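> Quick one: this structure, given as structure tokens, is what I'll be asking you about.
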Amino acid sequence: MPEHKQVETDKAPKAVGPYSQAVIAGDFIFCSGQVAFDPATGQLVEGGIVEQTKRVLENLKAVLLAGGSDLHQVVKCEVFLKNMEDFKTMNEIYAEYFCYEPKPARVTVEVARLPKDALIEISCTAYRNN
């Protein structure tokens, strides 16, 4: 069984519960869901789905980098939207961050509520750079 190692960075919001920002297991990094908290203030960023999607992806990018990976190594994302009406806009921002081939596999679902009434949460799994 591979050793598990916690990933922690101050460039992304701290975990607000009994979980890690990410866990390394073997050649993979498993990132917990990120919402649009500003890592400097711990507060939800102002604005709508555009600002929140960008902040979420920047948070994920920071966690991946701290764990020895990056967005190009992502193999799967899970996207949780408060309102599926935001899908098109989220998808446009998402495509700017995942602009390479092959694109990660993805699940997108609408949920009733997210922490602090955020509009979006994204988690991911990626290979680590060895």
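Here, A, B, ... name the chains of the structure tokens in the order displayed, residue numbers run from 1 inside each chain, and ligands are numbered from 1 in the same displayed order.
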Need to verify the contact set: Ile29 of chain A, 7 Å, only C-alpha atoms, exclusion of same-chain residues closer than 4 positions in sequence. Can you return it as a VMD selection string?
chain A and resid 22 to 25 67 125 to 128
> Pull C-alpha atoms from the residues just selected and write them as an mmCIF file, in the first residue's frame.

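The resulting file, part-v4.cif, is reproduced below:
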data_model
loop_
_atom_site.group_PDB
_atom_site.id
_atom_site.type_symbol
_atom_site.label_atom_id
_atom_site.label_comp_id
_atom_site.auth_asym_id
_atom_site.auth_seq_id
_atom_site.Cartn_x
_atom_site.Cartn_y
_atom_site.Cartn_z
ATOM 1 C CA ALA A 22 -4.845 17.281 -0.760
ATOM 2 C CA VAL A 23 -3.353 13.850 -0.153
ATOM 3 C CA ILE A 24 -0.534 12.246 -2.098
ATOM 4 C CA ALA A 25 -0.866 8.498 -2.590
ATOM 5 C CA GLY A 67 1.960 18.609 -4.065
ATOM 6 C CA THR A 125 -7.209 14.012 -9.116
ATOM 7 C CA ALA A 126 -3.844 14.391 -10.867
ATOM 8 C CA TYR A 127 -0.597 12.579 -11.551
ATOM 9 C CA ARG A 128 2.400 13.863 -9.673
#
> I'd like the contact shell of segment 105-119 of chain A - 9 Å cut-off, only C-alpha atoms, skipping same-chain residues fewer than 4 positions apart - returned as a PyMOL selection string.
chain A and resi 35-37+43-44+48-49+52-53+74-84+86-87+124
> Atom CA of Gly68 of chain A and atom CA of Asn129 of chain A are how many Å apart?
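For atom CA of Gly68 of chain A relative to atom CA of Asn129 of chain A, the distance reads 5.7 Å.
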> Given only C-alpha atoms as the basis, pick out the residue of A:Glu58, A:Asp70, A:Glu3, A:Asp10 nearest to Tyr94 of chain A.
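Closest residue, counting only C-alpha atoms: A:Glu58.
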> Among segment 53-93 of chain A, which residues does DSSP mark as helix (DSSP H, G or I) when it is run on the backbone? Keep the chain and numbering as in the structure and answer as a VMD selection string.
chain A and resid 53 to 66 71 to 73 84 to 93
> Write out as JSON, numbers by chain the set of residues from chain A that DSSP, computed on the backbone, places in strand (DSSP E).
{"A": [4, 5, 6, 7, 22, 23, 24, 25, 28, 29, 30, 31, 32, 33, 34, 74, 75, 76, 77, 78, 79, 80, 81, 105, 106, 107, 108, 109, 110, 120, 121, 122, 123, 124, 125, 126, 127]}
> Can you work out the spacing between atom CA of Ser32 of chain A and atom CA of Ile122 of chain A in Å, to one decimal?
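Taking atom CA of Ser32 of chain A as the start and atom CA of Ile122 of chain A as the end point, the length is 8.0 Å.
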> Quick one: everything within 6 Å of Pro39 of chain A, counting only C-alpha atoms, minus sequence neighbours fewer than 3 positions away in the same chain. Send it as a PDB file with N, CA and C atoms, in the first residue's frame.

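Generated output (out_38.pdb):
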ATOM      1  N   LYS A  11      -0.960  29.164   0.032  1.00  0.00           N
ATOM      2  CA  LYS A  11      -1.365  29.813  -1.212  1.00  0.00           C
ATOM      3  C   LYS A  11      -2.778  29.409  -1.626  1.00  0.00           C
ATOM      4  N   ALA A  12      -3.405  28.572  -0.803  1.00  0.00           N
ATOM      5  CA  ALA A  12      -4.806  28.169  -0.987  1.00  0.00           C
ATOM      6  C   ALA A  12      -5.458  28.217   0.388  1.00  0.00           C
ATOM      7  N   PRO A  13      -6.786  28.306   0.425  1.00  0.00           N
ATOM      8  CA  PRO A  13      -7.455  28.366   1.724  1.00  0.00           C
ATOM      9  C   PRO A  13      -7.158  27.143   2.582  1.00  0.00           C
ATOM     10  N   GLY A  42      -9.465  34.402   3.785  1.00  0.00           N
ATOM     11  CA  GLY A  42     -10.354  33.324   4.209  1.00  0.00           C
ATOM     12  C   GLY A  42     -11.812  33.595   3.874  1.00  0.00           C
TER      13      GLY A  42
END
